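Enquirer: Below is a structure I'd like to ask you about.
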Amino acid sequence: YDSDDDRLTLVQIRPLASYVEFGKVEIPEDIPKDREILRGNRMVTSHILKGIKWMVYVDPEVYSESGDFSEVARAVGEINGRLEGERYILVGPGRWGSTNPSLGVPVDYSEISNCGCMVEVGIPKRGMIPELSYGTHFFLDLDLDDILYLPVIDGEHENVFSREWLERNPFTCGDHDAVRLYSGLFDVYLDGEKEIGVVFDVAQRD
């Protein structure tokens, strides 16, 4: 309600998709620890995404120290355009789409629109914690495009942010050094009942 104009406006909101067609999701128990890349335990909705060939990752250290925040966002958008028609996993520090670059990468939705799973990593020492966006910056877009969301808090109990995997495995850099592109085979399991979400590398398990 706008009191200045004495005008009432109706807006439409939608609930976050529940992906009920997947029913109960059971995360594989035999995932080797060295292949578990990400794990979170909040705001998880049941779903499975398998056989993803690409992961786009924004390195928190390089991102924070570079100061080229808008250039990082454009570099993510460039890869998003190249991967049109492919679902990929998007991983970055803080809030995707934040208007405050110190809290997260200031992308527009068009720059991440092809991803299949968006991961926000809370980094306490970088100040990118505790208020992640939980997907709210792109809430309706994520819902309409069936894009999964997973928050991960670095260092929090039962959360995993595997820098070891990210440094051990080969990648190519995007148009900015902070942006990395990994190729391989990745699965995403989200168990909404137990509030656990996992992203892991399956390239050599199969």
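Chains: A, B, ... in order of the structure tokens. Residues: from 1 per chain. Ligands: from 1, in order shown.
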Any chance you could list, as JSON, numbers by chain, the residues in region 25-185 of chain A that come up strand (DSSP E or B) when DSSP is run on the backbone?

Expert: {"A": [36, 37, 38, 39, 40, 47, 48, 49, 50, 51, 52, 53, 54, 55, 56, 57, 58, 88, 89, 90, 91, 92, 93, 94, 104, 115, 116, 117, 118, 119, 120, 121, 122, 123, 128, 148, 149, 150, 151, 152, 153, 160, 161, 172, 173, 179, 180, 181, 182, 183, 184, 185]}

Enquirer: Within 8 Å of region 118-121 of chain A, counting only C-alpha atoms, which residues show up once you throw out same-chain ones fewer than 3 positions away? Write them as a list in words, please.

Expert: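 These residues fall inside the cut-off: Ile89, Leu90, Val91, Gly92, Pro93, Gly94, Arg95, Trp96, Cys115, Leu132, Tyr134, Ile147, Leu148, Tyr149, Leu150, Pro151, Val152, Ile153, Asp154 and Phe161 of chain A.
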
Enquirer: Could you pull out the alpha helix (DSSP H) residues of region 48-134 of chain A, going by DSSP on the backbone, and write them as a PyMOL selection string?

Expert: chain A and resi 60-66+69-82

Enquirer: Looking at only C-alpha atoms, which of A:Gly40, A:Pro60, A:Gly104, A:Gly67 is the one that sits closest to Lys125 (chain A)?

Expert: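 Distance minimum relative to Lys125 (chain A) lands on A:Pro60.
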
Enquirer: Have a look at CA of Phe200 (chain A) and CA of Phe171 (chain A) and let me know their distance in Å, one decimal.

Expert: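 That distance, rounded to one decimal, is 16.0 Å.
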
Enquirer: At a cut-off of 7 Å, using only C-alpha atoms, what residues contact region 22-39 of chain A? Leave out same-chain residues fewer than 4 positions from it and give the result as a PyMOL selection string.

Expert: chain A and resi 46-47+152+159-162+165+189-191+197-201

Enquirer: Could the residues in this selection be saved with all heavy atoms as a short mmCIF file (atom, residue, chain, number, x, y, z; two decimals), in the first residue's frame?

Expert:
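So the final result, stored in again-v2.cif, reads:
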```
data_model
loop_
_atom_site.label_atom_id
_atom_site.label_comp_id
_atom_site.auth_asym_id
_atom_site.auth_seq_id
_atom_site.Cartn_x
_atom_site.Cartn_y
_atom_site.Cartn_z
N SER A 46 14.38 -31.32 -1.42
CA SER A 46 14.70 -32.62 -2.01
C SER A 46 14.79 -32.55 -3.54
O SER A 46 13.86 -32.10 -4.21
CB SER A 46 13.65 -33.65 -1.61
OG SER A 46 13.72 -33.93 -0.23
N HIS A 47 15.91 -33.02 -4.05
CA HIS A 47 16.08 -33.09 -5.50
C HIS A 47 17.40 -33.81 -5.80
O HIS A 47 18.28 -33.92 -4.94
CB HIS A 47 16.12 -31.69 -6.11
CG HIS A 47 15.89 -31.69 -7.60
ND1 HIS A 47 14.74 -32.18 -8.16
CD2 HIS A 47 16.65 -31.26 -8.62
CE1 HIS A 47 14.80 -32.05 -9.47
NE2 HIS A 47 15.96 -31.49 -9.78
N VAL A 152 26.35 -23.18 1.87
CA VAL A 152 27.41 -23.90 2.59
C VAL A 152 28.16 -22.88 3.45
O VAL A 152 28.57 -21.82 2.95
CB VAL A 152 28.39 -24.58 1.62
CG1 VAL A 152 29.55 -25.22 2.38
CG2 VAL A 152 27.67 -25.63 0.77
N ASN A 159 29.35 -29.01 7.59
CA ASN A 159 29.44 -28.34 6.29
C ASN A 159 30.81 -28.63 5.70
O ASN A 159 31.80 -28.76 6.43
CB ASN A 159 29.26 -26.84 6.42
CG ASN A 159 27.80 -26.43 6.58
OD1 ASN A 159 27.29 -25.59 5.86
ND2 ASN A 159 27.11 -27.03 7.56
N VAL A 160 30.87 -28.74 4.39
CA VAL A 160 32.13 -29.02 3.70
C VAL A 160 32.32 -28.03 2.56
O VAL A 160 31.42 -27.85 1.73
CB VAL A 160 32.16 -30.46 3.12
CG1 VAL A 160 33.40 -30.67 2.26
CG2 VAL A 160 32.10 -31.49 4.25
N PHE A 161 33.47 -27.38 2.56
CA PHE A 161 33.90 -26.54 1.45
C PHE A 161 35.32 -26.97 1.14
O PHE A 161 36.27 -26.52 1.77
CB PHE A 161 33.82 -25.06 1.82
CG PHE A 161 34.42 -24.12 0.81
CD1 PHE A 161 34.15 -24.26 -0.54
CD2 PHE A 161 35.26 -23.09 1.22
CE1 PHE A 161 34.71 -23.39 -1.47
CE2 PHE A 161 35.82 -22.22 0.31
CZ PHE A 161 35.55 -22.37 -1.04
N SER A 162 35.46 -27.91 0.20
CA SER A 162 36.74 -28.60 -0.01
C SER A 162 37.69 -27.80 -0.90
O SER A 162 37.71 -27.96 -2.12
CB SER A 162 36.51 -29.98 -0.61
OG SER A 162 37.75 -30.64 -0.80
N TRP A 165 40.01 -30.22 -2.86
CA TRP A 165 39.55 -30.71 -4.17
C TRP A 165 39.72 -29.61 -5.21
O TRP A 165 40.18 -29.87 -6.33
CB TRP A 165 38.09 -31.14 -4.10
CG TRP A 165 37.63 -31.82 -5.37
CD1 TRP A 165 37.57 -33.16 -5.61
CD2 TRP A 165 37.20 -31.17 -6.58
NE1 TRP A 165 37.13 -33.39 -6.89
CE2 TRP A 165 36.89 -32.20 -7.51
CE3 TRP A 165 37.06 -29.85 -6.97
CZ2 TRP A 165 36.45 -31.93 -8.81
CZ3 TRP A 165 36.63 -29.57 -8.27
CH2 TRP A 165 36.32 -30.59 -9.16
N TYR A 189 22.98 -34.13 -4.69
CA TYR A 189 21.90 -34.78 -3.95
C TYR A 189 21.43 -33.84 -2.85
O TYR A 189 22.24 -33.42 -2.01
CB TYR A 189 22.38 -36.09 -3.32
CG TYR A 189 22.43 -37.26 -4.26
CD1 TYR A 189 23.45 -37.40 -5.18
CD2 TYR A 189 21.44 -38.25 -4.21
CE1 TYR A 189 23.50 -38.49 -6.05
CE2 TYR A 189 21.49 -39.35 -5.06
CZ TYR A 189 22.52 -39.45 -5.98
OH TYR A 189 22.56 -40.53 -6.85
N LEU A 190 20.15 -33.51 -2.85
CA LEU A 190 19.57 -32.66 -1.81
C LEU A 190 18.49 -33.46 -1.08
O LEU A 190 17.49 -33.84 -1.68
CB LEU A 190 18.96 -31.39 -2.42
CG LEU A 190 19.89 -30.51 -3.27
CD1 LEU A 190 19.13 -29.28 -3.76
CD2 LEU A 190 21.13 -30.10 -2.51
N ASP A 191 18.71 -33.71 0.20
CA ASP A 191 17.77 -34.44 1.03
C ASP A 191 17.05 -33.43 1.93
O ASP A 191 17.57 -33.02 2.96
CB ASP A 191 18.51 -35.48 1.87
CG ASP A 191 17.59 -36.32 2.75
OD1 ASP A 191 16.41 -35.94 2.90
OD2 ASP A 191 18.06 -37.32 3.31
N GLY A 197 22.57 -31.34 1.87
CA GLY A 197 22.83 -31.26 0.44
C GLY A 197 24.30 -31.51 0.16
O GLY A 197 25.16 -31.06 0.92
N VAL A 198 24.59 -32.29 -0.88
CA VAL A 198 25.96 -32.67 -1.19
C VAL A 198 26.23 -32.51 -2.69
O VAL A 198 25.39 -32.87 -3.52
CB VAL A 198 26.25 -34.13 -0.79
CG1 VAL A 198 27.70 -34.51 -1.11
CG2 VAL A 198 25.97 -34.36 0.68
N VAL A 199 27.41 -31.97 -3.01
CA VAL A 199 27.91 -31.94 -4.38
C VAL A 199 29.20 -32.73 -4.39
O VAL A 199 30.10 -32.46 -3.60
CB VAL A 199 28.19 -30.50 -4.86
CG1 VAL A 199 28.78 -30.51 -6.27
CG2 VAL A 199 26.91 -29.66 -4.82
N PHE A 200 29.28 -33.74 -5.27
CA PHE A 200 30.51 -34.54 -5.28
C PHE A 200 30.93 -34.92 -6.69
O PHE A 200 30.17 -34.87 -7.64
CB PHE A 200 30.38 -35.78 -4.38
CG PHE A 200 29.25 -36.71 -4.72
CD1 PHE A 200 29.48 -37.83 -5.51
CD2 PHE A 200 27.99 -36.49 -4.23
CE1 PHE A 200 28.45 -38.70 -5.80
CE2 PHE A 200 26.93 -37.36 -4.53
CZ PHE A 200 27.18 -38.47 -5.33
N ASP A 201 32.19 -35.29 -6.78
CA ASP A 201 32.84 -35.65 -8.04
C ASP A 201 32.68 -37.15 -8.26
O ASP A 201 33.10 -37.95 -7.41
CB ASP A 201 34.33 -35.27 -7.90
CG ASP A 201 35.19 -35.79 -9.04
OD1 ASP A 201 34.65 -36.22 -10.06
OD2 ASP A 201 36.43 -35.76 -8.88
#
```

Enquirer: Please measure the separation of CA of Pro106 (chain A) and CA of Glu71 (chain A), giving the value in Å to one decimal.

Expert: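 Going from CA of Pro106 (chain A) over to CA of Glu71 (chain A), I get 9.6 Å.
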
Enquirer: Point out the residue among A:Gly116, A:Ala73, A:Asp6, A:Phe138 with the least atom-to-atom distance to Ile48 (chain A), counting only C-alpha atoms.

Expert: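 Between A:Gly116, A:Ala73, A:Asp6, A:Phe138, the residue approaching Ile48 (chain A) most closely is A:Gly116.
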
Enquirer: To one decimal place, how far is CA of Asp59 (chain A) from CA of Val179 (chain A) in Å?

Expert: 6.5 Å

Enquirer: Which residue out of A:Asp143, A:Asp5, A:Glu78, A:Glu195 has the minimum interatomic distance to Cys173 (chain A) when only C-alpha atoms are used?

Expert: A:Glu78

Enquirer: Which residue gives the smallest distance to Leu140 (chain A) among A:Thr45, A:Ile123, A:Tyr109, A:Val188, with only C-alpha atoms counted?

Expert: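 Using only C-alpha atoms, Leu140 (chain A) sits closest to A:Tyr109.
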